[in-house]
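Below is one structure; the comments refer to it alone.
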Amino acid sequence: MGNISLVSDYRFRGVSQTYRQPAIQGRFDYTHASGLYAGIWNSSVSSNSYNNGASLEIDLYGGYRFAITRDMTGDVGALRYFSP
């Protein structure tokens with residue numbers, strides 16, 4: 001499953017990552033019936049925000065969801081984000 005969106009401002013923890021300018025963001029997720037999942041999320045960012053002049057943020061994530069009881073689930077996962 002995936003999506004793409006245009007947002008008026010990309011904020012992380014209250015700080016604009018685009019200097020209050022629009023950003024384009026996209027995501028792709030894959031979930032297997034076994035409970036394993038993986039995905040990638042990308043957003044344009046202002047090159048003024050990063051020392052290396054990066055203009056893209058990439059978030060990679062994955063993990064495993066499982067049932068603990070009929071009404072409770074668990075999730076173990078990892079997330080890595082970087083700006084190339």
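Within each chain, counting starts at residue 1; across the structure tokens, chains are named A, B, ... in the order shown, with ligands numbered 1 upward in that order.
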Note to self: If we count only C-alpha atoms and set the cut-off at 12 Å, which residues sit around stretch 8-18 of chain A, ignoring sequence neighbours fewer than 5 positions away in its own chain? Please answer as a list of chain:residue names.
What the structure shows: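 Near stretch 8-18 of chain A, the qualifying residues are A:Ala23, A:Ile24, A:Gln25, A:Asn42, A:Ser43, A:Ser44, A:Val45, A:Ser46, A:Ser47, A:Asn48, A:Ser49, A:Tyr50, A:Ala54, A:Ser55, A:Leu56, A:Glu57, A:Ser83.
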Check: Tell me, which residues of stretch 14-75 of chain A carry DSSP strand (DSSP E or B), written as a count of residues only?
Finding: 38
Sorted by chain and rising residue number, list the residues of stretch 17-60 of chain A at most 10 Å from stretch 73-80 of chain A (counting only C-alpha atoms), each with its closest atom pair and distance in Å to one decimal, as a Markdown table.
```
| residue | atom | partner | partner_atom | distance |
| --- | --- | --- | --- | --- |
| A:Gly35 | CA | A:Asp75 | CA | 9.0 |
| A:Leu36 | CA | A:Gly77 | CA | 9.4 |
| A:Tyr37 | CA | A:Gly77 | CA | 8.8 |
| A:Ala38 | CA | A:Gly77 | CA | 9.2 |
| A:Gly39 | CA | A:Leu79 | CA | 9.6 |
| A:Ile40 | CA | A:Leu79 | CA | 9.6 |
| A:Ile58 | CA | A:Arg80 | CA | 8.3 |
| A:Asp59 | CA | A:Arg80 | CA | 5.7 |
| A:Leu60 | CA | A:Arg80 | CA | 5.3 |
```
Note to self: For a test of reading the model, state the distance in Å between atom CA of A:Gly26 and atom CA of A:Asn3, rounded to one decimal.
What the structure shows: 5.6 Å
Checklist line | Test item: residues at most 12 Å from A:Ala33, only C-alpha atoms, excluding those fewer than 6 positions along its chain, as a list in words | finding: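 The contact residues come out as Tyr64, Arg65 and Phe66 of chain A.
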Notebook entry, point to check: Using only C-alpha atoms, which residue out of A:Tyr81, A:Met72, A:Gly2, A:Val7 lies closest to A:Arg27?
Noted result: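 Of the candidates, the smallest distance to A:Arg27 is held by A:Gly2.
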Next item on the list: Rounded to one decimal place, report the atom CA of A:Tyr19-atom CA of A:Leu6 distance in Å.
Entry: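 Between atom CA of A:Tyr19 and atom CA of A:Leu6 the gap is 15.1 Å.
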Checklist line | Interatomic distance (Å, one decimal) between atom CA of A:Thr31 and atom CA of A:Ala67 | finding: 15.1 Å
